[in-house]
file target26.txt (compact mmCIF, C-alpha atoms)
# COMPACT_ATOMS: atom_id res chain seq x y z
CA MET S 6 10.05 -14.85 -8.59
CA GLU S 7 11.77 -15.75 -11.84
CA ASN S 8 15.22 -15.04 -13.16
CA GLU S 9 15.44 -14.12 -16.79
CA GLY S 10 19.12 -13.83 -17.54
CA ASP S 11 20.42 -11.39 -14.98
CA GLN S 12 17.09 -9.73 -14.55
CA VAL S 13 14.82 -10.60 -11.68
CA ILE S 14 11.14 -10.66 -12.56
CA LYS S 15 8.90 -10.28 -9.57
CA LYS S 16 5.17 -10.62 -9.33
CA PHE S 17 3.87 -7.14 -8.56
CA MET S 18 0.29 -6.71 -7.47
CA TYR S 19 -1.59 -3.44 -7.18
CA MET S 20 -4.50 -3.74 -4.78
CA ASN S 21 -7.34 -1.25 -5.36
CA ARG S 22 -10.06 -1.20 -2.72
CA LYS S 23 -11.23 2.41 -2.87
CA ALA S 24 -13.73 4.27 -5.07
CA PRO S 25 -12.41 7.08 -7.29
CA TYR S 26 -12.68 10.87 -6.65
CA GLY S 27 -13.46 10.82 -2.90
CA THR S 28 -9.73 10.36 -2.39
CA ILE S 29 -6.77 10.51 -4.77
CA TYR S 30 -5.68 6.89 -4.22
CA ALA S 31 -7.31 5.47 -7.37
CA LEU S 32 -5.69 8.08 -9.62
CA GLU S 33 -2.23 7.94 -8.08
CA SER S 34 -2.37 4.14 -8.04
CA LEU S 35 -3.06 4.19 -11.76
CA GLU S 36 -0.07 6.50 -12.24
CA VAL S 37 2.19 3.99 -10.49
CA VAL S 38 0.88 1.14 -12.60
CA LEU S 39 1.65 3.01 -15.82
CA ILE S 40 5.20 3.76 -14.67
CA ALA S 41 5.67 0.18 -13.46
CA ALA S 42 4.90 -1.11 -16.94
CA ALA S 43 8.30 0.19 -18.10
CA PHE S 44 10.09 -2.10 -15.61
CA ASP S 45 9.10 -5.40 -17.22
CA GLN S 46 7.76 -6.97 -14.06
CA ASP S 47 4.85 -9.41 -13.87
CA VAL S 48 2.06 -6.96 -13.07
CA SER S 49 -1.43 -7.70 -11.78
CA LEU S 50 -4.12 -5.21 -10.93
CA VAL S 51 -6.81 -6.16 -8.47
CA CYS S 52 -10.12 -4.38 -7.93
CA ALA S 53 -11.97 -5.57 -4.85
CA ASP S 54 -14.40 -3.93 -2.43
CA ASP S 55 -15.08 -0.32 -3.54
CA GLY S 56 -12.12 -0.62 -5.94
CA VAL S 57 -14.55 -2.07 -8.50
CA TYR S 58 -16.08 1.41 -8.86
CA GLN S 59 -12.81 2.63 -10.41
CA LEU S 60 -13.68 0.80 -13.63
CA MET S 61 -17.31 1.96 -13.95
CA LYS S 62 -18.44 2.94 -17.44
CA GLY S 63 -19.87 6.38 -18.04
CA GLN S 64 -17.92 8.36 -15.45
CA ASN S 65 -18.51 12.08 -15.92
CA THR S 66 -16.81 14.57 -13.62
CA ASP S 67 -18.00 17.75 -15.39
CA ASP S 68 -19.94 18.94 -12.37
CA ILE S 69 -17.43 18.18 -9.62
CA GLY S 70 -14.51 20.10 -11.08
CA MET S 71 -12.15 17.12 -11.12
CA LYS S 72 -10.41 15.39 -13.99
CA ASN S 73 -12.09 12.22 -15.27
CA PHE S 74 -9.19 9.79 -15.43
CA SER S 75 -11.28 6.71 -16.22
CA PRO S 76 -10.42 6.71 -19.98
CA THR S 77 -6.80 6.00 -18.98
CA TYR S 78 -7.72 2.47 -17.92
CA SER S 79 -8.37 1.56 -21.55
CA ALA S 80 -4.68 2.33 -22.27
CA LEU S 81 -3.46 -0.32 -19.85
CA GLY S 82 -3.48 -2.93 -22.60
CA ASP S 83 -1.01 -0.83 -24.63
CA TYR S 84 1.27 -0.87 -21.59
CA ASP S 85 1.15 -4.66 -21.62
CA ILE S 86 -0.89 -4.81 -18.44
CA LYS S 87 -3.31 -7.60 -19.14
CA LYS S 88 -4.08 -9.13 -15.76
CA ILE S 89 -6.86 -7.14 -14.17
CA TYR S 90 -8.67 -9.18 -11.55
CA ILE S 91 -12.15 -8.24 -10.40
CA GLU S 92 -13.58 -9.98 -7.38
CA LYS S 93 -17.00 -11.37 -8.32
CA GLU S 94 -18.39 -11.11 -4.78
CA SER S 95 -17.43 -7.42 -4.54
CA LEU S 96 -19.42 -6.71 -7.72
CA GLU S 97 -22.43 -8.69 -6.52
CA GLU S 98 -22.45 -7.06 -3.08
CA ARG S 99 -22.72 -3.73 -4.87
CA GLY S 100 -25.46 -4.84 -7.27
CA LEU S 101 -23.04 -4.64 -10.20
CA SER S 102 -22.03 -6.97 -13.02
CA LEU S 103 -19.17 -6.93 -15.54
CA ASP S 104 -21.50 -5.09 -17.96
CA ASP S 105 -21.27 -2.05 -15.70
CA LEU S 106 -17.49 -1.95 -16.05
CA GLN S 107 -15.27 -0.83 -18.90
CA ASP S 108 -14.45 -3.56 -21.37
CA LEU S 109 -10.65 -3.61 -21.22
CA LYS S 110 -8.68 -5.44 -23.92
CA TYR S 111 -5.10 -6.09 -24.95
CA GLU S 112 -3.53 -7.33 -28.15
CA ASP S 113 -1.74 -10.65 -27.74
CA GLU S 114 1.59 -10.47 -29.59
CA ASP S 115 2.00 -14.24 -29.32
CA ASP S 116 -1.34 -14.85 -31.03
CA ASP S 117 -1.18 -12.64 -34.13
CA TRP S 118 -2.20 -9.58 -32.09
CA ALA S 119 -5.63 -11.01 -31.39
CA GLU S 120 -7.69 -8.81 -29.09
CA LYS S 121 -8.27 -10.44 -25.71
CA ASP S 122 -9.93 -9.57 -22.43
CA SER S 123 -7.70 -8.01 -19.78
CA ILE S 124 -10.41 -8.33 -17.19
CA HIS S 125 -10.61 -11.58 -15.28
CA LEU S 126 -13.65 -12.09 -13.13
CA VAL S 127 -12.49 -14.20 -10.20
CA SER S 128 -14.18 -15.72 -7.19
CA ARG S 129 -13.05 -14.98 -3.67
CA GLU S 130 -11.10 -18.27 -3.54
CA GLU S 131 -9.42 -17.63 -6.87
CA LEU S 132 -8.45 -14.12 -5.84
CA ALA S 133 -7.03 -15.40 -2.54
CA GLN S 134 -4.82 -17.71 -4.60
CA VAL S 135 -3.67 -14.87 -6.90
CA ILE S 136 -2.80 -12.71 -3.89
CA ASP S 137 -0.89 -15.53 -2.25
CA GLU S 138 1.38 -15.93 -5.28
CA GLN S 139 2.65 -12.33 -5.27
CA ASP S 140 6.17 -11.17 -4.42
CA VAL S 141 5.34 -7.50 -3.85
CA VAL S 142 1.98 -5.98 -3.00
CA PHE S 143 1.32 -2.28 -3.42
CA SER S 144 -1.70 -0.86 -1.68
CA PHE S 145 -2.70 2.78 -1.64
CA MET P 1 17.52 -8.12 5.04
CA LYS P 2 16.89 -5.18 2.72
CA PHE P 3 13.65 -3.26 3.29
CA GLY P 4 11.73 -0.83 1.12
CA ILE P 5 9.10 1.30 2.86
CA LEU P 6 6.20 3.15 1.24
CA VAL P 7 4.54 5.98 3.19
CA ASN P 8 1.20 7.11 1.74
CA GLU P 9 0.10 9.71 4.29
CA GLY P 10 1.39 13.04 5.53
CA PRO P 11 2.60 13.76 9.06
CA TYR P 12 0.32 14.28 12.08
CA THR P 13 -3.12 13.53 10.56
CA HIS P 14 -2.55 9.80 10.17
CA GLN P 15 -0.35 7.52 12.25
CA ALA P 16 1.16 6.06 9.07
CA SER P 17 4.36 8.12 9.09
CA ASP P 18 4.94 7.49 12.81
CA SER P 19 4.38 3.76 12.36
CA ALA P 20 6.73 3.68 9.38
CA TYR P 21 9.39 5.54 11.37
CA GLN P 22 9.09 3.20 14.37
CA PHE P 23 9.28 0.22 12.03
CA ALA P 24 12.33 1.61 10.23
CA LYS P 25 14.10 2.30 13.52
CA ALA P 26 13.36 -1.20 14.83
CA ALA P 27 14.54 -2.78 11.58
CA ILE P 28 17.83 -0.85 11.69
CA GLU P 29 18.33 -1.77 15.35
CA LYS P 30 17.97 -5.41 14.36
CA GLY P 31 20.71 -5.00 11.78
CA HIS P 32 18.54 -4.76 8.68
CA GLU P 33 19.03 -2.21 5.94
CA ILE P 34 16.38 0.32 4.92
CA PHE P 35 17.09 0.52 1.23
CA ARG P 36 14.65 3.35 0.61
CA VAL P 37 11.64 5.11 2.08
CA PHE P 38 9.37 6.32 -0.69
CA PHE P 39 6.80 9.00 0.13
CA TYR P 40 3.72 9.07 -2.07
CA HIS P 41 0.28 10.75 -2.06
CA ASP P 42 0.12 13.15 0.94
CA GLY P 43 3.16 11.28 2.25
CA VAL P 44 5.32 13.81 0.40
CA ASN P 45 4.41 16.35 3.09
CA ASN P 46 6.67 14.45 5.49
CA GLY P 47 9.54 16.08 3.64
CA THR P 48 8.66 19.68 4.42
CA ALA P 49 11.41 21.92 5.78
CA LEU P 50 8.82 24.37 7.07
CA ALA P 51 7.07 22.39 9.80
CA VAL P 52 7.15 24.03 13.23
CA PRO P 53 5.35 21.66 15.59
CA PRO P 54 4.89 22.58 19.28
CA GLN P 55 8.00 21.93 21.36
CA ASP P 56 6.42 19.10 23.35
CA ASP P 57 5.46 17.21 20.19
CA ARG P 58 7.68 15.06 17.98
CA HIS P 59 9.08 16.72 14.88
CA ILE P 60 8.24 14.17 12.21
CA PRO P 61 10.18 15.64 9.26
CA ASN P 62 13.25 16.09 11.50
CA GLN P 63 12.97 12.51 12.76
CA TRP P 64 13.19 11.29 9.19
CA SER P 65 16.05 13.68 8.36
CA GLU P 66 18.02 12.42 11.35
CA LEU P 67 17.37 8.80 10.49
CA ALA P 68 18.61 9.47 6.97
CA LYS P 69 21.75 11.15 8.28
CA GLU P 70 22.63 8.51 10.86
CA HIS P 71 21.88 5.44 8.79
CA GLU P 72 22.16 6.65 5.20
CA VAL P 73 18.51 5.96 4.49
CA ASP P 74 17.39 7.13 1.06
CA LEU P 75 14.28 9.31 1.53
CA VAL P 76 12.48 9.91 -1.75
CA LEU P 77 9.50 12.17 -2.37
CA CYS P 78 7.50 11.33 -5.49
CA VAL P 79 7.94 14.23 -7.91
CA ALA P 80 4.41 14.13 -9.35
CA ALA P 81 2.78 13.91 -5.91
CA ALA P 82 5.15 16.58 -4.57
CA GLN P 83 4.45 19.06 -7.35
CA ARG P 84 0.70 18.68 -6.88
CA ARG P 85 1.08 19.47 -3.20
CA GLY P 86 3.60 22.30 -3.35
CA MET P 87 6.71 20.40 -2.27
CA LEU P 88 9.60 21.69 -4.36
CA ASP P 89 13.37 21.33 -4.11
CA GLU P 90 15.67 24.03 -5.45
CA ASP P 91 15.78 22.65 -8.99
CA GLU P 92 12.04 22.07 -9.21
CA ALA P 93 11.33 25.54 -7.81
CA LYS P 94 13.59 27.12 -10.40
CA ARG P 95 12.16 25.08 -13.24
CA ASN P 96 8.60 26.02 -12.27
CA GLY P 97 9.36 29.68 -11.62
CA LYS P 98 8.62 29.51 -7.89
CA SER P 99 10.30 31.82 -5.39
CA ALA P 100 10.91 29.26 -2.63
CA ASN P 101 11.74 25.66 -2.02
CA ASN P 102 10.79 23.58 0.99
CA VAL P 103 12.36 20.13 0.96
CA ALA P 104 13.96 19.19 4.27
CA GLU P 105 17.49 17.84 4.66
CA GLY P 106 17.97 14.21 3.76
CA PHE P 107 14.97 14.06 1.40
CA ARG P 108 15.26 14.11 -2.36
CA ILE P 109 12.65 14.40 -5.09
CA SER P 110 12.51 11.77 -7.78
CA GLY P 111 10.16 9.75 -9.97
CA LEU P 112 7.81 6.86 -9.31
CA GLY P 113 10.37 4.56 -10.89
CA GLN P 114 12.22 4.77 -7.57
CA LEU P 115 9.26 3.08 -5.88
CA ILE P 116 9.17 0.29 -8.43
CA GLU P 117 12.93 -0.10 -8.09
CA ALA P 118 12.54 -0.39 -4.32
CA GLY P 119 9.98 -3.15 -4.91
CA ILE P 120 12.45 -4.97 -7.16
CA GLN P 121 15.62 -4.45 -5.10
CA ALA P 122 14.31 -4.84 -1.57
CA ASP P 123 13.64 -8.23 0.03
CA ARG P 124 10.46 -6.83 1.56
CA LEU P 125 8.29 -3.84 0.75
CA VAL P 126 6.18 -2.65 3.67
CA VAL P 127 3.39 -0.13 3.07
CA PHE P 128 2.11 2.38 5.63
CA GLY P 129 -0.96 4.40 4.81
CA ASP P 130 -4.59 5.02 5.56
CA MET M 5 6.49 -19.20 2.91
CA SER M 6 3.24 -17.51 3.57
CA MET M 7 2.06 -13.93 3.58
CA LEU M 8 1.90 -11.39 6.39
CA HIS M 9 -1.19 -9.18 6.23
CA THR M 10 -1.37 -5.97 8.23
CA VAL M 11 -4.65 -4.25 9.15
CA ASN M 12 -4.57 -0.76 10.62
CA LYS M 13 -8.31 0.02 10.66
CA SER M 14 -10.88 -0.57 13.35
CA PRO M 15 -13.38 -3.16 12.09
CA PHE M 16 -16.09 -0.90 13.50
CA GLU M 17 -15.12 1.85 11.07
CA ARG M 18 -13.94 0.11 7.89
CA ASN M 19 -14.09 -3.27 6.23
CA ALA M 20 -10.31 -3.82 5.93
CA LEU M 21 -10.26 -6.60 8.53
CA ASP M 22 -13.26 -8.36 6.96
CA SER M 23 -11.69 -8.15 3.50
CA CYS M 24 -8.34 -9.32 4.81
CA ILE M 25 -9.79 -12.33 6.61
CA ARG M 26 -11.87 -13.38 3.63
CA LEU M 27 -8.91 -13.17 1.22
CA ALA M 28 -6.08 -14.42 3.44
CA LYS M 29 -5.06 -17.98 2.60
CA ALA M 30 -4.85 -20.63 5.27
CA GLY M 31 -1.41 -20.53 6.88
CA SER M 32 -0.94 -16.79 6.56
CA ALA M 33 -0.65 -14.31 9.42
CA ILE M 34 -2.52 -11.11 10.26
CA LEU M 35 -0.97 -8.33 12.34
CA LEU M 36 -3.33 -5.72 13.78
CA THR M 37 -1.76 -2.26 14.14
CA GLU M 38 -2.79 1.37 14.78
CA ASP M 39 -6.63 1.60 15.13
CA GLY M 40 -6.75 -1.99 13.91
CA VAL M 41 -5.81 -3.16 17.41
CA VAL M 42 -9.38 -2.65 18.63
CA GLY M 43 -10.24 -5.70 16.52
CA ALA M 44 -8.14 -7.80 18.90
CA MET M 45 -10.25 -7.10 21.98
CA LYS M 46 -12.38 -9.65 23.79
CA ASN M 47 -16.16 -9.36 24.12
CA THR M 48 -16.70 -7.20 21.04
CA ASN M 49 -18.94 -7.86 18.04
CA TYR M 50 -15.76 -8.88 16.19
CA SER M 51 -14.19 -11.22 18.73
CA LYS M 52 -15.93 -14.23 17.24
CA THR M 53 -14.84 -13.34 13.70
CA ILE M 54 -11.23 -13.44 14.92
CA SER M 55 -11.64 -16.63 16.97
CA ASP M 56 -13.28 -18.38 14.03
CA ALA M 57 -10.56 -17.28 11.61
CA MET M 58 -7.86 -18.48 14.00
CA SER M 59 -8.38 -22.08 12.95
CA ASN M 60 -6.19 -21.43 9.88
CA ILE M 61 -4.73 -17.92 10.30
CA LYS M 62 -2.27 -16.80 12.97
CA PHE M 63 -3.14 -13.46 14.62
CA TYR M 64 -0.77 -10.87 16.10
CA VAL M 65 -1.37 -7.45 17.59
CA LEU M 66 1.09 -4.57 17.99
CA GLY M 67 1.55 -3.98 21.75
CA PRO M 68 2.64 -0.31 21.53
CA ASP M 69 -0.63 0.52 19.72
CA LEU M 70 -2.71 -1.30 22.36
CA LYS M 71 -0.90 0.49 25.17
CA ALA M 72 -1.27 3.90 23.49
CA ARG M 73 -5.04 3.40 23.40
CA GLY M 74 -5.32 2.24 27.00
CA LEU M 75 -6.21 -1.27 25.89
CA SER M 76 -4.90 -4.06 28.07
CA GLU M 77 -3.07 -7.10 26.70
CA ASP M 78 -5.05 -9.07 29.29
CA ASN M 79 -8.28 -8.32 27.43
CA ILE M 80 -7.40 -9.53 23.96
CA VAL M 81 -8.96 -12.57 22.31
CA ASP M 82 -7.24 -15.78 23.45
CA GLY M 83 -4.66 -17.00 20.98
CA ILE M 84 -3.56 -13.60 19.65
CA THR M 85 0.16 -12.96 20.14
CA VAL M 86 1.33 -9.50 21.22
CA VAL M 87 4.47 -8.21 19.48
CA ASP M 88 6.50 -5.00 19.76
CA TYR M 89 8.09 -3.20 16.77
CA ALA M 90 11.05 -5.58 16.82
CA GLY M 91 8.52 -8.42 16.64
CA PHE M 92 6.77 -6.64 13.75
CA VAL M 93 10.11 -6.56 11.90
CA ASP M 94 10.65 -10.27 12.60
CA LEU M 95 7.18 -11.09 11.25
CA THR M 96 8.00 -9.31 7.98
CA THR M 97 11.21 -11.32 7.60
CA GLU M 98 9.54 -14.62 8.49
CA HIS M 99 6.93 -14.14 5.77
CA GLU M 100 7.77 -13.80 2.12
CA THR M 101 5.42 -10.94 1.26
CA VAL M 102 3.72 -8.23 3.28
CA GLN M 103 0.33 -6.91 2.30
CA SER M 104 -1.15 -3.85 3.97
CA TRP M 105 -4.93 -3.65 3.92
CA LEU M 106 -5.33 0.13 3.75
call {"tool": "encode", "arguments": {"input": "target26.txt", "output": "structure tokens"}}
result
Amino acid sequence: MENEGDQVIKKFMYMNRKAPYGTIYALESLEVVLIAAAFDQDVSLVCADDGVYQLMKGQNTDDIGMKNFSPTYSALGDYDIKKIYIEKESLEERGLSLDDLQDLKYEDEDDDWAEKDSIHLVSREELAQVIDEQDVVFSF
Amino acid sequence: MKFGILVNEGPYTHQASDSAYQFAKAAIEKGHEIFRVFFYHDGVNNGTALAVPPQDDRHIPNQWSELAKEHEVDLVLCVAAAQRRGMLDEDEAKRNGKSANNVAEGFRISGLGQLIEAGIQADRLVVFGD
Amino acid sequence: MSMLHTVNKSPFERNALDSCIRLAKAGSAILLTEDGVVGAMKNTNYSKTISDAMSNIKFYVLGPDLKARGLSEDNIVDGITVVDYAGFVDLTTEHETVQSWL
């Protein structure tokens, strides 16, 4: 936790462990994250277990009658959400690699708006460390 | 200590709402404050005024209403989740041209910002869901 | 201060307990609640997972959820502490952050 003037900045983590469409959790979690961006907290998004499927490229919901909300993830960078952690082991267990996921970027205002990767591929140990540092964990 | 509670599931199907209620009661008994209970996803259905469970079963929405009344607990239903699932207070019903409203006493409808605020203001946020 | 993790799923149905154990840092605590309490029982395919993890994680189980399911406190894996709801509240205050593995 940090204090910036009078304002408390907490480390907020959003834990995503479920695939999209079978349940609404992925979509409504994304809605919270977008709202949270307005509160100037230190936000991290984690995709582990089946949560990695949320970021799959090429999602097409035409034939299931549901809205494809996957394009929204590419807007996260505009909301200044630039810490998206993907657990490497979860990808591997599912026969996936980063190439299967959307390539999410943000523009770094401190570096002449250079485009940088929002996605951080982390090992189990690294993710455990990230989780341990959080002040508030939201899981859906 | 100040607690925020997030309830992600509706009443009766999952134990989440019961667990959250038992936790809230125990926390209050120990002298802690429940700053806010935020109901999200199907959790908004906990706020229905129209539930009529069998007499020998607990009345989950009423339990929450009573807790709110006795201990001034702020019960908030997420507006976006509530609208999707047909939970409307008087204002929302009017605004959307619906003939009825169904939010039980002690609950109010508001935005997701209230959840984030609970995360910021409370010393602990505890999540109950499936 | 360390983190309190809660797991409310049976390890026979979902992977929440596995995921929690693999990502919980040494020194943190895990509280089993709701259907998660079946993970606390002795002589199951998961008992060893819990015993092994106990070397650096402290385990708790919610008594009211055991009792509701007809599971006896006498049959839980050695070293797991039984708590009631008041104890659950205390655990959340004793740890800095609470993470629910839904």
call {"tool": "interface_residues", "arguments": {"input": "target26.txt", "of": "chain M", "to": "chain S", "cutoff": "8 Å", "atoms": "all atoms listed in the file", "output": "PDB file with C-alpha atoms, in the frame of the given file"}}
result
ATOM      1  CA  SER M   6       3.240 -17.510   3.570  1.00  0.00           C
ATOM      2  CA  MET M   7       2.060 -13.930   3.580  1.00  0.00           C
ATOM      3  CA  SER M  23     -11.690  -8.150   3.500  1.00  0.00           C
ATOM      4  CA  ARG M  26     -11.870 -13.380   3.630  1.00  0.00           C
ATOM      5  CA  LEU M  27      -8.910 -13.170   1.220  1.00  0.00           C
ATOM      6  CA  ALA M  28      -6.080 -14.420   3.440  1.00  0.00           C
ATOM      7  CA  LYS M  29      -5.060 -17.980   2.600  1.00  0.00           C
ATOM      8  CA  GLU M 100       7.770 -13.800   2.120  1.00  0.00           C
ATOM      9  CA  THR M 101       5.420 -10.940   1.260  1.00  0.00           C
ATOM     10  CA  VAL M 102       3.720  -8.230   3.280  1.00  0.00           C
ATOM     11  CA  GLN M 103       0.330  -6.910   2.300  1.00  0.00           C
ATOM     12  CA  SER M 104      -1.150  -3.850   3.970  1.00  0.00           C
ATOM     13  CA  TRP M 105      -4.930  -3.650   3.920  1.00  0.00           C
ATOM     14  CA  LEU M 106      -5.330   0.130   3.750  1.00  0.00           C
TER      15      LEU M 106
END
call {"tool": "atom_distance", "arguments": {"input": "target26.txt", "atom1": "CA of Ser17 in chain P", "atom2": "CA of Ser75 in chain S"}}
result
29.8 Å
call {"tool": "residues_near_point", "arguments": {"input": "target26.txt", "point": "(-14.5, -2.6, -6.3)", "cutoff": "12 Å", "atoms": "all atoms listed in the file", "output": "number ranges by chain"}}
result
S: 20-25, 31, 50-61, 89-103, 105-106, 126; M: 23
call {"tool": "write_last_selection", "arguments": {"input": "target26.txt", "atoms": "C-alpha atoms", "output": "mmCIF file, keeping the file's coordinate frame"}}
result
data_model
loop_
_atom_site.group_PDB
_atom_site.id
_atom_site.type_symbol
_atom_site.label_atom_id
_atom_site.label_comp_id
_atom_site.auth_asym_id
_atom_site.auth_seq_id
_atom_site.Cartn_x
_atom_site.Cartn_y
_atom_site.Cartn_z
ATOM 1 C CA MET S 20 -4.500 -3.740 -4.780
ATOM 2 C CA ASN S 21 -7.340 -1.250 -5.360
ATOM 3 C CA ARG S 22 -10.060 -1.200 -2.720
ATOM 4 C CA LYS S 23 -11.230 2.410 -2.870
ATOM 5 C CA ALA S 24 -13.730 4.270 -5.070
ATOM 6 C CA PRO S 25 -12.410 7.080 -7.290
ATOM 7 C CA ALA S 31 -7.310 5.470 -7.370
ATOM 8 C CA LEU S 50 -4.120 -5.210 -10.930
ATOM 9 C CA VAL S 51 -6.810 -6.160 -8.470
ATOM 10 C CA CYS S 52 -10.120 -4.380 -7.930
ATOM 11 C CA ALA S 53 -11.970 -5.570 -4.850
ATOM 12 C CA ASP S 54 -14.400 -3.930 -2.430
ATOM 13 C CA ASP S 55 -15.080 -0.320 -3.540
ATOM 14 C CA GLY S 56 -12.120 -0.620 -5.940
ATOM 15 C CA VAL S 57 -14.550 -2.070 -8.500
ATOM 16 C CA TYR S 58 -16.080 1.410 -8.860
ATOM 17 C CA GLN S 59 -12.810 2.630 -10.410
ATOM 18 C CA LEU S 60 -13.680 0.800 -13.630
ATOM 19 C CA MET S 61 -17.310 1.960 -13.950
ATOM 20 C CA ILE S 89 -6.860 -7.140 -14.170
ATOM 21 C CA TYR S 90 -8.670 -9.180 -11.550
ATOM 22 C CA ILE S 91 -12.150 -8.240 -10.400
ATOM 23 C CA GLU S 92 -13.580 -9.980 -7.380
ATOM 24 C CA LYS S 93 -17.000 -11.370 -8.320
ATOM 25 C CA GLU S 94 -18.390 -11.110 -4.780
ATOM 26 C CA SER S 95 -17.430 -7.420 -4.540
ATOM 27 C CA LEU S 96 -19.420 -6.710 -7.720
ATOM 28 C CA GLU S 97 -22.430 -8.690 -6.520
ATOM 29 C CA GLU S 98 -22.450 -7.060 -3.080
ATOM 30 C CA ARG S 99 -22.720 -3.730 -4.870
ATOM 31 C CA GLY S 100 -25.460 -4.840 -7.270
ATOM 32 C CA LEU S 101 -23.040 -4.640 -10.200
ATOM 33 C CA SER S 102 -22.030 -6.970 -13.020
ATOM 34 C CA LEU S 103 -19.170 -6.930 -15.540
ATOM 35 C CA ASP S 105 -21.270 -2.050 -15.700
ATOM 36 C CA LEU S 106 -17.490 -1.950 -16.050
ATOM 37 C CA LEU S 126 -13.650 -12.090 -13.130
ATOM 38 C CA SER M 23 -11.690 -8.150 3.500
#
call {"tool": "interface_residues", "arguments": {"input": "target26.txt", "of": "chain M", "to": "chain P", "cutoff": "10 Å", "atoms": "all atoms listed in the file", "output": "ChimeraX atom specification"}}
result
/M:10-13,37-39,69,88-94,96-97,99-106
call {"tool": "closest_residue", "arguments": {"input": "target26.txt", "among": "P:Glu105, P:Asp42, P:Asp18, P:Asp56", "to": "chain S", "atoms": "all atoms listed in the file"}}
result
P:Asp42
call {"tool": "interface_residues", "arguments": {"input": "target26.txt", "of": "chain S", "to": "chain P", "cutoff": "12 Å", "atoms": "only C-alpha atoms", "output": "PyMOL selection string"}}
result
chain S and resi 6-7+12-20+22-23+28-48+139-145
call {"tool": "atom_distance", "arguments": {"input": "target26.txt", "atom1": "CA of Pro15 in chain M", "atom2": "CA of Lys52 in chain M"}}
result
12.5 Å
call {"tool": "axis_aligned_box", "arguments": {"input": "target26.txt", "around": "range 89-92 of chain P", "padding_each_side": "3 Å", "output": "AutoDock Vina command-line options"}}
result
--center_x 13.9 --center_y 22.7 --center_z -6.7 --size_x 9.7 --size_y 8.7 --size_z 11.1
call {"tool": "residues_near_point", "arguments": {"input": "target26.txt", "point": "(-12.3, -3.2, 21.2)", "cutoff": "12 Å", "atoms": "only C-alpha atoms", "output": "CSV table (one decimal) with C-alpha atoms, in the frame of the given file"}}
result
chain,number,residue,atom,x,y,z
M,13,LYS,CA,-8.3,0.0,10.7
M,14,SER,CA,-10.9,-0.6,13.4
M,15,PRO,CA,-13.4,-3.2,12.1
M,16,PHE,CA,-16.1,-0.9,13.5
M,17,GLU,CA,-15.1,1.8,11.1
M,36,LEU,CA,-3.3,-5.7,13.8
M,39,ASP,CA,-6.6,1.6,15.1
M,40,GLY,CA,-6.8,-2.0,13.9
M,41,VAL,CA,-5.8,-3.2,17.4
M,42,VAL,CA,-9.4,-2.6,18.6
M,43,GLY,CA,-10.2,-5.7,16.5
M,44,ALA,CA,-8.1,-7.8,18.9
M,45,MET,CA,-10.2,-7.1,22.0
M,46,LYS,CA,-12.4,-9.6,23.8
M,47,ASN,CA,-16.2,-9.4,24.1
M,48,THR,CA,-16.7,-7.2,21.0
M,49,ASN,CA,-18.9,-7.9,18.0
M,50,TYR,CA,-15.8,-8.9,16.2
M,51,SER,CA,-14.2,-11.2,18.7
M,70,LEU,CA,-2.7,-1.3,22.4
M,73,ARG,CA,-5.0,3.4,23.4
M,74,GLY,CA,-5.3,2.2,27.0
M,75,LEU,CA,-6.2,-1.3,25.9
M,76,SER,CA,-4.9,-4.1,28.1
M,77,GLU,CA,-3.1,-7.1,26.7
M,79,ASN,CA,-8.3,-8.3,27.4
M,80,ILE,CA,-7.4,-9.5,24.0
M,81,VAL,CA,-9.0,-12.6,22.3
call {"tool": "decode", "arguments": {"input": "target26.txt", "residues": "range 90-107 of chain S", "atoms": "C-alpha atoms", "output": "mmCIF file, in the first residue's frame"}}
result
data_model
loop_
_atom_site.group_PDB
_atom_site.id
_atom_site.type_symbol
_atom_site.label_atom_id
_atom_site.label_comp_id
_atom_site.auth_asym_id
_atom_site.auth_seq_id
_atom_site.Cartn_x
_atom_site.Cartn_y
_atom_site.Cartn_z
ATOM 1 C CA TYR S 90 0.061 -11.786 -15.886
ATOM 2 C CA ILE S 91 -0.273 -15.122 -17.631
ATOM 3 C CA GLU S 92 0.893 -18.226 -15.833
ATOM 4 C CA LYS S 93 3.268 -20.112 -18.132
ATOM 5 C CA GLU S 94 2.429 -23.521 -16.670
ATOM 6 C CA SER S 95 -1.314 -22.981 -17.232
ATOM 7 C CA LEU S 96 -0.643 -22.292 -20.929
ATOM 8 C CA GLU S 97 1.617 -25.327 -21.285
ATOM 9 C CA GLU S 98 -0.814 -27.662 -19.525
ATOM 10 C CA ARG S 99 -3.378 -26.652 -22.130
ATOM 11 C CA GLY S 100 -1.033 -27.043 -25.103
ATOM 12 C CA LEU S 101 -1.036 -23.285 -25.666
ATOM 13 C CA SER S 102 1.641 -20.634 -26.124
ATOM 14 C CA LEU S 103 1.579 -16.826 -26.069
ATOM 15 C CA ASP S 104 1.075 -16.900 -29.862
ATOM 16 C CA ASP S 105 -2.413 -18.260 -29.258
ATOM 17 C CA LEU S 106 -3.338 -15.237 -27.149
ATOM 18 C CA GLN S 107 -4.164 -11.672 -28.109
#
